[in-house]
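Novice: There's a structure below that I have some questions on.
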Amino acid sequence: MSDAALRTTLEPRTTAVAGFRRISGRVSAAVLRQLTKLGWLLILPAIILPIWIVGTNHGWLPEQILPRPQDVLHTLRDMLASGELAQHAGYSLRRVAFGFGIGAAAGLITGSAMGLSRRVDDYVRPLFTAIAQVPAPAWIPLAMLLLGIGEGLKIVVIAKAAFVPVVMNTSAGIGNVPRAFIEVGETFRFTSLQMLRHVVLPGAIPPIFTGLRYGLTHAWIALVSVELLASSEGLGYLLVWGRQMFWLDTVLVAMIVIGVIGFVSDKILAVIETGLQRWRIDDVQ
Amino acid sequence: MNVAAQLRTTAVPDHGQGRLEVRNVSKSFVVNGAPVEALRDVSLDVAGGEFVVLLGPSGCGKSTLLRLIAGLEPEFRGSISQDGNAIAGTSLDRGIVFQEPRLFPWATVSQNIALGLKNAPLSDRAKREAVAAHITLVGLDGFAQAYPHQLSGGMAQRAAIARGLVNRPRLLLLDEPFGALDALTRARLQVELQRIWAHERITMVLVTHDVDEAVLLGDRVIVLAPRPGRVSRIFAISAPRPRSRTDDDLVRIRNDVLRALGDGEEDGSGGTPISGPA
Amino acid sequence: MSSSAALGSLGRGLVLPIGLLLTWEVASHSGLVNRQFLPPLEHVGATAWQELASGELLEALAASLRRDLLGFVFGSGAGVLIGLLLGLSTIADRVVMTWFNGLKQIALLAWIPLISLWFGFDEMAKVVFIGLAAAIPVILNLVEGIHATSRKLVEVGEVFRFNRVQFILYVYLPAAMPSLLTGLHLALIYAWLATIGAEYFMAAGPGIGGIIIAGRERFDMDLVMLGILVVGSVGFLVDRGASWLERRLIPWRAASALA
Ligand SMILES: Nc1ncnc2c1ncn2[C@@H]1O[C@H](COP(=O)(O)OP(=O)(O)OP(=O)(O)O)[C@@H](O)[C@H]1O
Ligand SMILES: [Mg+2]
């Protein structure tokens with residue numbers, strides 16, 4: 001048998017074995033990394049929880065300052081079991097979903113138009129800047145006078161809060177695609193559509209997602225403020241109610257739920273973002 | 001300044017400072033889960049005060065070798081020692097001018113050069129004078145207060161050379177330092193570098209793609225072969241200094257080196273074939 | 001850009017706002033919409049004059065700005081210290097950062113009930129809340145800036161044998177400076193948002209937020225609009241001032257001069 005033939009028959013097996021070793025090595029290394037990460041993560045609770053438990057049990061921390069952790073857990077369980085928590089969270093989630101959806105969509109359209117056309121930017125920018133300067137909470141009383149305190153109010157306030165950062169980052173992201181990349185496209189005589197598809201959008205995706213993530217954060221801030229001021233359901237209402245009754249455990253549970261939902265939704269956006277720009281991974285040294 | 005005169009007036013203190021030994025050094029990287037062999041079994045002795053030039057095709061591991069010698073890559077096989085001591089991390093005795101200028105963007109040219117002297121045992125005044133002298137040396141007078149983004153590529157590279165020279169390491173590693181320069185500036189800095197080398201007896205290891213530069217500057221020219229990076233040829237250049245680019249001996253060696261580079265991995269003539277390490 | 005082109009874009013920029021104000025004025029006078037919802041501009045102007053003359057508006061503005069600034073100074077100061085610790089210490093980063101990232105997801109205003117339970121409704125509680133709002137973006141951006149320090153520049157420091165202090169002073173801090181300034185800029189914006197929020201929900205003492213809330217309760221649209229106008233103007237000035245400072249403080253801007 002010739003040398004070359006030998007090689008072709010042998011090579012797949014040896015490389016397969018080597019490949020397997022490499023992959024299994026990588027998998028166990030990854031597992032190990034996750035475990036050590038978890039270990040580091042548990043240090044902080046391992047310090048705080050005992051202090052909290054002992055402190056509240058001995059009355060060093062009055063219950064008006066911090067309820068016992070087991071009470072918070074209890075409340076969480078009860079509210080989960082009774083469906084109360086799901087109901088309030090459902091209200092809030094629906095409002096954020098609608099408000100953010102509308103605000104972000106309008107923001108993407110407006111921001112793209114401003115980024116692509118100097119003329120549109122000229123017309124819209126000053127008015128937009130004026131509106132953007134006023135933070136969400138400040139609009140609420142005005143919106144309440146105009147729209148009452150129904151669902152419409154909440155959606156509008158949340159949509160406006162999401163709209164502003166999306167417009168800012170989209171227009172900047174599309175407008176600031178480096179001249180050098182545009183020039184590369186020009187040397188290949190790209191049409192405007194090709195330029196948009198291959199040069200402008202890929203370059204603008206990171207800032208657009210920054211805008212979306214800020215938009216979501218602002219949507220949640222707006223949701224909580226509008227529910228604190230004018231609502232009889234939702235997580236924000238749960239906060240006011242717990243505050244009025246001096247039920248710290250309810251307040252803490254509502255905060256935890258708000259944080260968890262915020263965390264998960266932000267992660268989802270982050271995953272979509274990395275999915276959309278796999279090329280960026282190679283960029284990391 | 002006249003280099004020959006310099007050579008004569010400089011008493012050569014022969015305590016062998018700046019001697020470099022690279023023994024059986026191998027280095028691989030992991031790229032996308034697969035190992036890439038950047039250097040295999042490289043051995044190299046550089047005498048104190050010697051000027052060695054590394055030459056080889058792109059990607060053959062020249063920068064990697066310099067980084068290992070500088071002490072920037074702790075993990076490799078084999079041993080590297082300076083004046084008999086195994087290197088461990090970086091040292092002020094070894095300077096490096098990177099392939100990219102790597103100037104601190106927030107510091108002016110003179111601040112960038114001064115940072116190279118932060119840990120040097122000199123008075124503030126001496127440091128100021130050294131910085132000013134080196135700005136003049138690389139021809140950046142008038143740009144001392146400029147920020148890196150205000151410099152051209154070649155100017156930035158000259159500032160980086162000044163920063164590498166300013167604290168007078170015993171061993172200076174230069175990674176394509178003149179790559180971004182115009183022919184005239186390049187020729188001038190080559191002369192200046194030789195002058196500093198002759199005057200200070202600094203051991204120098206210089207990476208270049210320019211064969212003319214290699215034979216003009218080097219006591220020895222070491223040709224590396226790629227994939228994996230290894231030493232393929234060594235040319236000793238005994239032509240007396242100061243050298244002229246048109247010197248017959250140099251032109252002949254230059255052609256030999258070019259042929260060796262062109263031949264790639266096949267065995268050609270000229271140069272000394274390398275056997276195993278001594 | 002030539003000056004005539006600049007004038008042209010300025011002119012275009014005025015079209016929408018002026019059109020909007022005109023429509024408003026016409027609608028309000030035509031009686032098509034209830035004047036209570038859309039008072040004519042001159043009414044808003046009259047209310048503004050009245051509030052200014054009585055000194056109430058200025059007093060409220062001064063009170064709001066004072067707590068805004070106080071909260072910003074304490075919050076961003078604490079933010080810089082915490083950010084340095086988290087950015088420079090691997091251990092602190094591993095132990096705390098994930099938890100901090102979770103904590104920052106709690107929508108800002110959701111802290112108000114807890115803070116008011118702990119600190120009551122007066123000045124202290126407001127400043128604590130505003131400080132929290134300012135600290136978060138400072139910490140996040142400073143840590144990110146430190147972590148993003150170019151490996152290539154760190155190696156230069158290694159070659160020069162920088163010690164820990166030198167690394168911080170000459171490499172990490174300047175590298176993180178643009179990021180830190182961004183964080184401080186955001187801190188100013190969030191502190192102002194938090195000031196309004198704090199004044200809504202911890203309504204004790206004078207403040208712009210209080211004026212807006214009072215306007216709503218009395219169905220006084222003039223007052224609400226005036227309040228919003230003031231909030232927006234302050235936000236605008238703070239934002240422009242911060243941008244200007246940011247540009248002044250980073251003369252090396254083109255930080256990509258690495259390669
Ligand atoms: N940090 C790294 N990670 C992975 N691979 C690397 C790394 N640094 C270098 N390599 C690989 O090592 C090999 C040698 O690279 P090196 O930079 O030393 O080449 P070079 O001879 O300096 O080339 P050039 O003349 O183009 O500068 C290349 O194949 C390169 O891909
Ligand atoms: Mg190289």
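Chains: A, B, ... in order of the structure tokens. Residues: from 1 per chain. Ligands: from 1, in order shown.
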Residues near Pro177 of chain B, anyone? I mean within 10 Å using only C-alpha atoms, not counting same-chain ones fewer than 4 positions away, as a PyMOL selection string.

Specialist: chain B and resi 96-101+154+157-158+160-161+173+181+186+189-190+206-208

Novice: Using only C-alpha atoms, determine which residues of chain B fall within 10 Å of chain A; present them as a list in words.

Specialist: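 The selection requested is Asn32, Gly33 and Ala34 of chain B.
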
Novice: Given the selection you just returned, output its residues as a file containing all heavy atoms, formatted as a short mmCIF file (atom, residue, chain, number, x, y, z; two decimals), in the first residue's frame.

Specialist:
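Final file, result_14.cif:
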data_model
loop_
_atom_site.label_atom_id
_atom_site.label_comp_id
_atom_site.auth_asym_id
_atom_site.auth_seq_id
_atom_site.Cartn_x
_atom_site.Cartn_y
_atom_site.Cartn_z
N ASN B 32 -8.66 27.98 18.43
CA ASN B 32 -9.91 27.25 18.19
C ASN B 32 -9.82 25.79 18.66
O ASN B 32 -10.25 24.88 17.99
CB ASN B 32 -10.28 27.28 16.71
CG ASN B 32 -10.64 28.68 16.26
OD1 ASN B 32 -11.17 29.45 17.06
ND2 ASN B 32 -10.33 29.00 15.03
N GLY B 33 -9.20 25.59 19.82
CA GLY B 33 -9.14 24.25 20.39
C GLY B 33 -8.04 23.39 19.84
O GLY B 33 -7.77 22.32 20.37
N ALA B 34 -7.36 23.82 18.77
CA ALA B 34 -6.28 23.01 18.22
C ALA B 34 -4.94 23.69 18.49
O ALA B 34 -4.83 24.91 18.40
CB ALA B 34 -6.48 22.84 16.72
#

Novice: Compute the chain C side of the contact with chain B at 12 Å, counting only C-alpha atoms, and hand it back as a count of residues only.

Specialist: 39

Novice: Report, in Å with one decimal, the straight-line distance from atom CA of Pro137 of chain C to atom CA of Ile112 of chain C.

Specialist: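 Rounded to one decimal, the two atoms are 17.9 Å apart.
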
Novice: Can I get the residues close to ligand 2 as a ChimeraX atom specification, where close means within 8 Å and we count only C-alpha atoms and all ligand atoms?

Specialist: /B:58-59,61-64,99,175-176,207

Novice: Keeping only N, CA and C atoms, write the selected residues as a PDB file, in the first residue's frame.

Specialist:
ATOM      1  N   SER B  58       6.527  35.909   7.112  1.00  0.00           N
ATOM      2  CA  SER B  58       5.486  36.308   8.056  1.00  0.00           C
ATOM      3  C   SER B  58       4.866  35.081   8.721  1.00  0.00           C
ATOM      4  N   GLY B  59       4.686  35.160  10.036  1.00  0.00           N
ATOM      5  CA  GLY B  59       4.047  34.074  10.752  1.00  0.00           C
ATOM      6  C   GLY B  59       4.991  32.969  11.185  1.00  0.00           C
ATOM      7  N   GLY B  61       7.132  33.062  13.595  1.00  0.00           N
ATOM      8  CA  GLY B  61       7.363  33.042  15.041  1.00  0.00           C
ATOM      9  C   GLY B  61       8.396  34.038  15.539  1.00  0.00           C
ATOM     10  N   LYS B  62       8.748  35.024  14.725  1.00  0.00           N
ATOM     11  CA  LYS B  62       9.756  35.993  15.159  1.00  0.00           C
ATOM     12  C   LYS B  62       9.277  36.800  16.362  1.00  0.00           C
ATOM     13  N   SER B  63       8.064  37.337  16.256  1.00  0.00           N
ATOM     14  CA  SER B  63       7.533  38.119  17.370  1.00  0.00           C
ATOM     15  C   SER B  63       7.395  37.249  18.611  1.00  0.00           C
ATOM     16  N   THR B  64       6.947  36.005  18.396  1.00  0.00           N
ATOM     17  CA  THR B  64       6.785  35.107  19.527  1.00  0.00           C
ATOM     18  C   THR B  64       8.118  34.890  20.236  1.00  0.00           C
ATOM     19  N   GLN B  99       6.168  45.369  17.756  1.00  0.00           N
ATOM     20  CA  GLN B  99       5.901  45.523  16.335  1.00  0.00           C
ATOM     21  C   GLN B  99       4.944  46.698  16.078  1.00  0.00           C
ATOM     22  N   ASP B 175      11.298  44.642  17.318  1.00  0.00           N
ATOM     23  CA  ASP B 175      10.435  43.883  16.414  1.00  0.00           C
ATOM     24  C   ASP B 175      10.029  44.761  15.229  1.00  0.00           C
ATOM     25  N   GLU B 176      10.703  44.606  14.124  1.00  0.00           N
ATOM     26  CA  GLU B 176      10.461  45.405  12.924  1.00  0.00           C
ATOM     27  C   GLU B 176      10.311  46.883  13.253  1.00  0.00           C
ATOM     28  N   VAL B 207      14.311  42.143  14.609  1.00  0.00           N
ATOM     29  CA  VAL B 207      13.525  41.414  13.625  1.00  0.00           C
ATOM     30  C   VAL B 207      13.264  42.335  12.447  1.00  0.00           C
TER      31      VAL B 207
END
